[in-house]
Number of protein chains: 2
Amino acid sequence: MKFICSRDQLLTGVNIVSKAVSTKTTLPILECILVEAMNHQIKLTANDMELGIETIIDGDILEEGKIALEAKLFSEIIRKLPSSDVTVDVADNFQTKITCEKAKFNIMGKPGDDFSYLPVIEKNQCISLSQFTLKELIRQTIFSISDNENNKLMTGELFEVNNNKLTVVSLDGHRISIRNTELKGENDPVKVVVPGKTLSDISKILSGELEDLVQIYFTEKHILFEMDKTKVVSRLLEGEYYRISRMLSSDYETKIVINKKELYNCIDRATLLIKESDKRPIILTVSDESLELEVSTSIGSMKEETEIHKEGKDIMIGFNPKFLMDALRVIDDEEITIYMVNPKAPCFIKDENETYVYLILPVNFNRAGN
Amino acid sequence: MKFICSRDQLLTGVNIVSKAVSTKTTLPILECILVEAMNHQIKLTANDMELGIETIIDGDILEEGKIALEAKLFSEIIRKLPSSDVTVDVADNFQTKITCEKAKFNIMGKPGDDFSYLPVIEKNQCISLSQFTLKELIRQTIFSISDNENNKLMTGELFEVNNNKLTVVSLDGHRISIRNTELKGENDPVKVVVPGKTLSDISKILSGELEDLVQIYFTEKHILFEMDKTKVVSRLLEGEYYRISRMLSSDYETKIVINKKELYNCIDRATLLIKESDKRPIILTVSDESLELEVSTSIGSMKEETEIHKEGKDIMIGFNPKFLMDALRVIDDEEITIYMVNPKAPCFIKDENETYVYLILPVNFNRAGN
């Protein structure tokens with residue numbers, strides 16, 4: 001195999017597929033990127049058996065062929081080459097020469113035949129949205145997946161399509177994050193659970209541009225994301241996802257409207273006094289025109305008032321500050337509305353059209369020793 | 001004690017003195033910042049017994065007094081307060097109230113009397129230079145101190161004053177870094193060894209501006225850096241520093257002039273193939289108009305040519321690539337001159353006026369198994 005391509009394009013391609021290179025494996029071939037020059041295109045592929053990525057780059061093919069190159073070494077070599085044309089030249093014994101201007105590298109490759117190709121995905125069910133929207137949906141929900149592998153389904157996110165609506169849900173037993181977005185046209189119903197790792201990897205590849213589209217295809221076992229020159233295939237998590245609808249309620253006793261940034265900064269200050277280990281809650285006291293936030297630990301105490309608009313009853317309720325901050329961080333609205341029922345029932349942060357719903361369970365602050 | 005000051009100024013002050021807060025200590029008072037409001041000034045002090053820093057901030061003193069506050073907590077609280085006026089109010093039982101807008105913190109302080117003040121430094125011997133220059137001198141030499149505590153003197157840098165010349169030297173047994181700078185006026189001779197930690201700490205405090213001055217005072221045991229509103233006192237390392245002059249020589253057999261950036265990038269690429277553990281050298285082959293750099297390891301091999309201007313003999317010589325790169329990184333010249341004698345004698349990178357001299361010992365590449 002021999003081809004010439006631009007170092008910058010090659011680097012972009014290598015960076016994209018590197019997300020699917022296995023880091024913890026005993027199979028050396030899974031640590032490789034497959035480089036193929038065939039049918040007038042140069043294709044890079046990585047596949048850790050859960051997640052697979054392939055991408056096409058432009059170049060001149062002088063001799064068709066394929067080679068598997070150790071991903072870390074290959075990507076570091078390309079990264080450190082000058083921004084010029086790169087020639088990759090593989091001999092019959094898999095010795096690979098990488099030349100760029102006056103720099104000549106010589107490394108050992110592995111036969112490409114040992115490499116596992118991506119599964120072929122049937123393209124029956126498809127939705128299309130902007131890369132910006134998908135990237136945002138992931139960012140705004142990924143923080144509340146669980147990292148506890150015992151609850152496999154909680155380590156992924158629900159993707160549910162109903163007609164022209166896509167709902168993305170994550171939950172970890174203490175909170176639920178829901179984002180809704182509109183799709184174009186009529187779409188067949190879909191309900192799948194996508195691994196969290198796939199979503200955080202793909203979110204690094206997505207351009208974040210409104211104009212760039214991503215097509216998502218669903219099969220029973222796999223999800224395929226197709227962008228411009230890149231395909232990402234991931235296994236789905238098996239099993240039935242939690243029934244979210246019965247955990248949601250629109251009843252409330254207290255409704256407050258508050259400046260998001262002020263509340264965030266105030267909680268941020270309070271967390272200074274909370275050690276990871278002692279799990280002390282912050283206590284919110286809602287009265288007519290103000291919310292008083294209070295925390296008291298072995299380190300010291302802190303109190304702060306913030307102005308609010310209130311409807312309904314006064315309430316005193318405790319929260320894990322991290323859960324509130326995680327949700328506030330990904331809401332773009334300047335003012336947010338919080339709905340509460342009583343100190344033991346979950347609170348909801350949501351907007352009027354429910355493009356977002358964040359449910360957070362309170363903490364019993366009497367039991368927590370206050 | 002009670003005073004009001006700007007949160008931003010207080011934060012700047014706390015950040016400055018925090019460099020001298022002890023992180024590994026069994027004495028809780030060494031983890032504190034002493035806050036004093038006295039004689040119309042607010043003074044912050046930290047002292048880990050090797051290094052001491054004090055700085056003055058502006059403010060209104062309502063009641064004189066002092067308190068020692070746990071540095072990490074205090075600085076985090078100030079950092080997270082809004083940019084407004086801060087009131088610090090200490091009760092007789094050392095309870096300290098920190099108020100800023102609507103946020104009220106309550107933390108426990110320690111009696112200021114337990115705190116160790118900075119030693120008083122006699123101001124007989126003094127030099128003055130710009131903060132920019134001192135910061136540069138440190139950056140350009142600090143990388144070649146040793147971290148081996150068995151050779152205490154190698155963990156510091158020589159500061160030598162001769163009339164209107166300041167020479168700063170560091171060495172670690174494999175290389176020597178020397179920087180010379182001109183001082184104003186006539187100065188008494190000085191020869192002291194300043195701990196590396198002091199220099200890297202002070203370099204973070206220095207403004208880096210040409211207009212800002214720093215006064216340096218020397219005594220037998222201490223060095224004092226005085227800037228605007230901040231004083232830094234450090235112990236000196238005791239003992240006689242290595243005699244550098246007899247290691248330097250102006251004889252050479254080969255002299256090459258080379259583009260610094262090209263050489264740096266070329267070595268940087270070569271290091272990809274060198275694992276930390278196997279200490280393989282890079283091999284430079286100097287011939288009439290080019291320098292060929294070569295490396296060959298278990299991972300692969302690399303070869304690259306760079307144009308040079310050469311005087312004298314051809315030579316083949318091996319180096320630890322890190323040592324070359326460290327020196328190249330801090331030289332600002334576009335073209336550098338390297339002087340070599342033979343494959344076993346040190347090479348010198350220096351400019352014509354010897355404002356810098358970097359001596360690097362070569363590596364025996366035959367023995368290294370090539």
# chains A, B, ... in the order shown; residues from 1 in each chain; ligands from 1
$ residues_around --residues "Tyr241 in chain B" --least-positions-apart "3" --cutoff "10 Å" --atoms "only C-alpha atoms" --output "PyMOL selection string"
chain B and resi 153-154+156-158+169+191-193+237-238+244
$ write_last_selection --atoms "C-alpha atoms" --output "PDB file, in the first residue's frame"
ATOM      1  CA  LEU B 153      23.312  22.595  46.318  1.00  0.00           C
ATOM      2  CA  MET B 154      22.156  21.272  42.951  1.00  0.00           C
ATOM      3  CA  GLY B 156      19.246  25.616  44.016  1.00  0.00           C
ATOM      4  CA  GLU B 157      20.674  28.237  41.672  1.00  0.00           C
ATOM      5  CA  LEU B 158      23.810  30.294  42.012  1.00  0.00           C
ATOM      6  CA  VAL B 169      23.645  29.268  37.158  1.00  0.00           C
ATOM      7  CA  LYS B 191      27.745  34.662  45.706  1.00  0.00           C
ATOM      8  CA  VAL B 192      24.721  32.842  47.132  1.00  0.00           C
ATOM      9  CA  VAL B 193      22.686  29.748  46.306  1.00  0.00           C
ATOM     10  CA  LEU B 237      21.312  26.992  50.707  1.00  0.00           C
ATOM     11  CA  GLU B 238      24.562  26.645  52.626  1.00  0.00           C
ATOM     12  CA  ILE B 244      31.761  26.587  36.937  1.00  0.00           C
TER      13      ILE B 244
END
$ residues_around --residues "Val161 in chain A" --least-positions-apart "6" --cutoff "9 Å" --atoms "only C-alpha atoms" --output "ChimeraX atom specification"
/A:127,167-168,183,187-191
$ write_last_selection --atoms "N, CA and C atoms" --output "CSV table (one decimal), in the first residue's frame"
chain,number,residue,atom,x,y,z
A,127,ILE,N,-33.5,9.1,11.8
A,127,ILE,CA,-33.9,10.5,12.1
A,127,ILE,C,-32.7,11.3,11.7
A,167,THR,N,-36.9,12.5,22.5
A,167,THR,CA,-36.7,12.7,23.9
A,167,THR,C,-35.5,11.9,24.4
A,168,VAL,N,-34.6,12.7,25.1
A,168,VAL,CA,-33.4,12.0,25.6
A,168,VAL,C,-33.5,12.1,27.1
A,183,LEU,N,-38.3,17.0,15.7
A,183,LEU,CA,-37.7,16.5,14.5
A,183,LEU,C,-38.5,16.9,13.3
A,187,ASN,N,-41.8,10.4,12.0
A,187,ASN,CA,-40.8,9.3,12.2
A,187,ASN,C,-41.4,8.1,12.9
A,188,ASP,N,-40.9,7.0,12.5
A,188,ASP,CA,-41.4,5.7,13.2
A,188,ASP,C,-40.9,5.8,14.6
A,189,PRO,N,-41.7,5.2,15.5
A,189,PRO,CA,-41.4,5.2,17.0
A,189,PRO,C,-40.1,4.4,17.2
A,190,VAL,N,-39.3,4.9,18.1
A,190,VAL,CA,-38.0,4.2,18.5
A,190,VAL,C,-37.9,4.3,20.0
A,191,LYS,N,-37.3,3.3,20.6
A,191,LYS,CA,-37.0,3.4,22.1
A,191,LYS,C,-35.8,2.6,22.3
$ residues_around --residues "Lys229 in chain A" --least-positions-apart "5" --cutoff "12 Å" --atoms "only C-alpha atoms" --output "list in words"
Gln9, Thr12, Gly13, Ile16, Val17, Gln41, Ile42, Lys43, Leu44, Thr45, Ile53, Glu54, Thr55, Ile56, Ile57, Asp58, Ile205, Leu206, Asp212, Leu213, Val214 and Gln215 of chain A
$ residues_around --residues "range 346-358 of chain B" --least-positions-apart "5" --cutoff "6 Å" --atoms "only C-alpha atoms" --output "CSV table (one decimal) with N, CA and C atoms, in the first residue's frame"
chain,number,residue,atom,x,y,z
B,176,ILE,N,24.7,22.3,32.3
B,176,ILE,CA,24.8,23.6,33.1
B,176,ILE,C,24.1,24.6,32.3
B,177,SER,N,23.3,25.4,33.0
B,177,SER,CA,22.6,26.6,32.3
B,177,SER,C,23.1,27.8,33.0
B,178,ILE,N,23.6,28.8,32.1
B,178,ILE,CA,24.1,30.0,32.6
B,178,ILE,C,23.5,31.2,31.9
B,179,ARG,N,23.0,32.2,32.7
B,179,ARG,CA,22.5,33.4,32.1
B,179,ARG,C,23.2,34.6,32.7
B,180,ASN,N,23.6,35.5,31.9
B,180,ASN,CA,24.2,36.8,32.4
B,180,ASN,C,23.4,37.9,32.1
B,337,THR,N,24.0,28.8,17.8
B,337,THR,CA,25.3,28.2,17.4
B,337,THR,C,25.7,27.2,18.4
B,338,ILE,N,26.1,26.0,17.9
B,338,ILE,CA,26.5,24.9,18.8
B,338,ILE,C,27.9,24.6,18.6
B,339,TYR,N,28.7,24.5,19.7
B,339,TYR,CA,30.1,24.2,19.6
B,339,TYR,C,30.4,22.8,20.1
B,340,MET,N,31.1,22.0,19.4
B,340,MET,CA,31.4,20.7,19.8
B,340,MET,C,32.9,20.4,19.7
$ interface_residues --of "chain B" --to "chain A" --cutoff "7 Å" --atoms "only C-alpha atoms" --output "ChimeraX atom specification"
/B:77,80,102-108,269,272,299-305
$ select_by_dssp --residues "range 187-236 of chain B" --states "alpha helix (DSSP H)" --output "list in words"
Gly196, Lys197, Thr198, Leu199, Ser200, Asp201, Ile202, Ser203, Lys204 and Ile205 of chain B
$ select_by_dssp --residues "range 6-112 of chain B" --states "strand (DSSP E)" --output "PyMOL selection string"
chain B and resi 6+32-38+41-47+51-57+60-63+65-70+85-90+95-100+103-108+110-111
$ atom_distance --atom1 "CA of Leu51 in chain B" --atom2 "CA of Pro28 in chain B"
16.5 Å
$ residues_around --residues "range 315-328 of chain A" --least-positions-apart "5" --cutoff "7 Å" --atoms "only C-alpha atoms" --output "JSON list (two decimals) with C-alpha atoms, in the first residue's frame"
[["chain", "number", "residue", "atom", "x", "y", "z"],
["A", 260, "LYS", "CA", -30.17, 31.13, 37.52],
["A", 264, "TYR", "CA", -25.68, 28.88, 40.97],
["A", 267, "ILE", "CA", -24.68, 27.24, 45.90],
["A", 271, "THR", "CA", -20.10, 23.95, 48.68],
["A", 281, "PRO", "CA", -27.05, 19.13, 52.34],
["A", 282, "ILE", "CA", -27.71, 22.78, 51.65],
["A", 283, "ILE", "CA", -31.00, 23.97, 53.08],
["A", 284, "LEU", "CA", -33.30, 26.24, 51.11],
["A", 285, "THR", "CA", -35.90, 28.26, 52.99],
["A", 286, "VAL", "CA", -38.49, 29.76, 50.66],
["A", 343, "PRO", "CA", -39.51, 18.38, 51.74],
["A", 358, "TYR", "CA", -34.78, 18.19, 35.67],
["A", 360, "ILE", "CA", -34.05, 16.15, 41.76],
["A", 362, "PRO", "CA", -34.37, 16.26, 48.14],
["A", 363, "VAL", "CA", -32.23, 15.19, 51.10],
["A", 364, "ASN", "CA", -33.78, 14.67, 54.51],
["A", 365, "PHE", "CA", -31.87, 17.33, 56.42]]
$ residues_around --residues "range 133-140 of chain A" --least-positions-apart "3" --cutoff "6 Å" --atoms "only C-alpha atoms" --output "VMD selection string"
chain A and resid 130 203 330
$ write_last_selection --atoms "all heavy atoms" --output "PDB file, in the first residue's frame"
ATOM      1  N   SER A 130     -29.475  18.419  13.551  1.00  0.00           N
ATOM      2  CA  SER A 130     -28.221  19.146  13.375  1.00  0.00           C
ATOM      3  C   SER A 130     -27.211  18.649  14.398  1.00  0.00           C
ATOM      4  O   SER A 130     -27.564  18.243  15.502  1.00  0.00           O
ATOM      5  CB  SER A 130     -28.440  20.647  13.525  1.00  0.00           C
ATOM      6  OG  SER A 130     -28.333  21.017  14.871  1.00  0.00           O
ATOM      7  N   SER A 203     -19.936  13.012  21.078  1.00  0.00           N
ATOM      8  CA  SER A 203     -20.083  14.443  21.306  1.00  0.00           C
ATOM      9  C   SER A 203     -18.764  15.168  21.043  1.00  0.00           C
ATOM     10  O   SER A 203     -18.742  16.337  20.666  1.00  0.00           O
ATOM     11  CB  SER A 203     -20.631  14.644  22.710  1.00  0.00           C
ATOM     12  OG  SER A 203     -20.016  15.658  23.364  1.00  0.00           O
ATOM     13  N   VAL A 330     -26.373  23.459  32.855  1.00  0.00           N
ATOM     14  CA  VAL A 330     -26.705  23.165  31.454  1.00  0.00           C
ATOM     15  C   VAL A 330     -28.008  23.817  30.995  1.00  0.00           C
ATOM     16  O   VAL A 330     -28.477  23.561  29.893  1.00  0.00           O
ATOM     17  CB  VAL A 330     -26.780  21.640  31.208  1.00  0.00           C
ATOM     18  CG1 VAL A 330     -25.429  21.003  31.487  1.00  0.00           C
ATOM     19  CG2 VAL A 330     -27.858  20.993  32.050  1.00  0.00           C
TER      20      VAL A 330
END
$ residues_around --residues "Ala68 in chain B" --least-positions-apart "3" --cutoff "9 Å" --atoms "only C-alpha atoms" --output "VMD selection string"
chain B and resid 29 32 to 36 71 94 109 to 115
$ atom_distance --atom1 "CA of Lys221 in chain B" --atom2 "CA of Ile142 in chain B"
21.1 Å
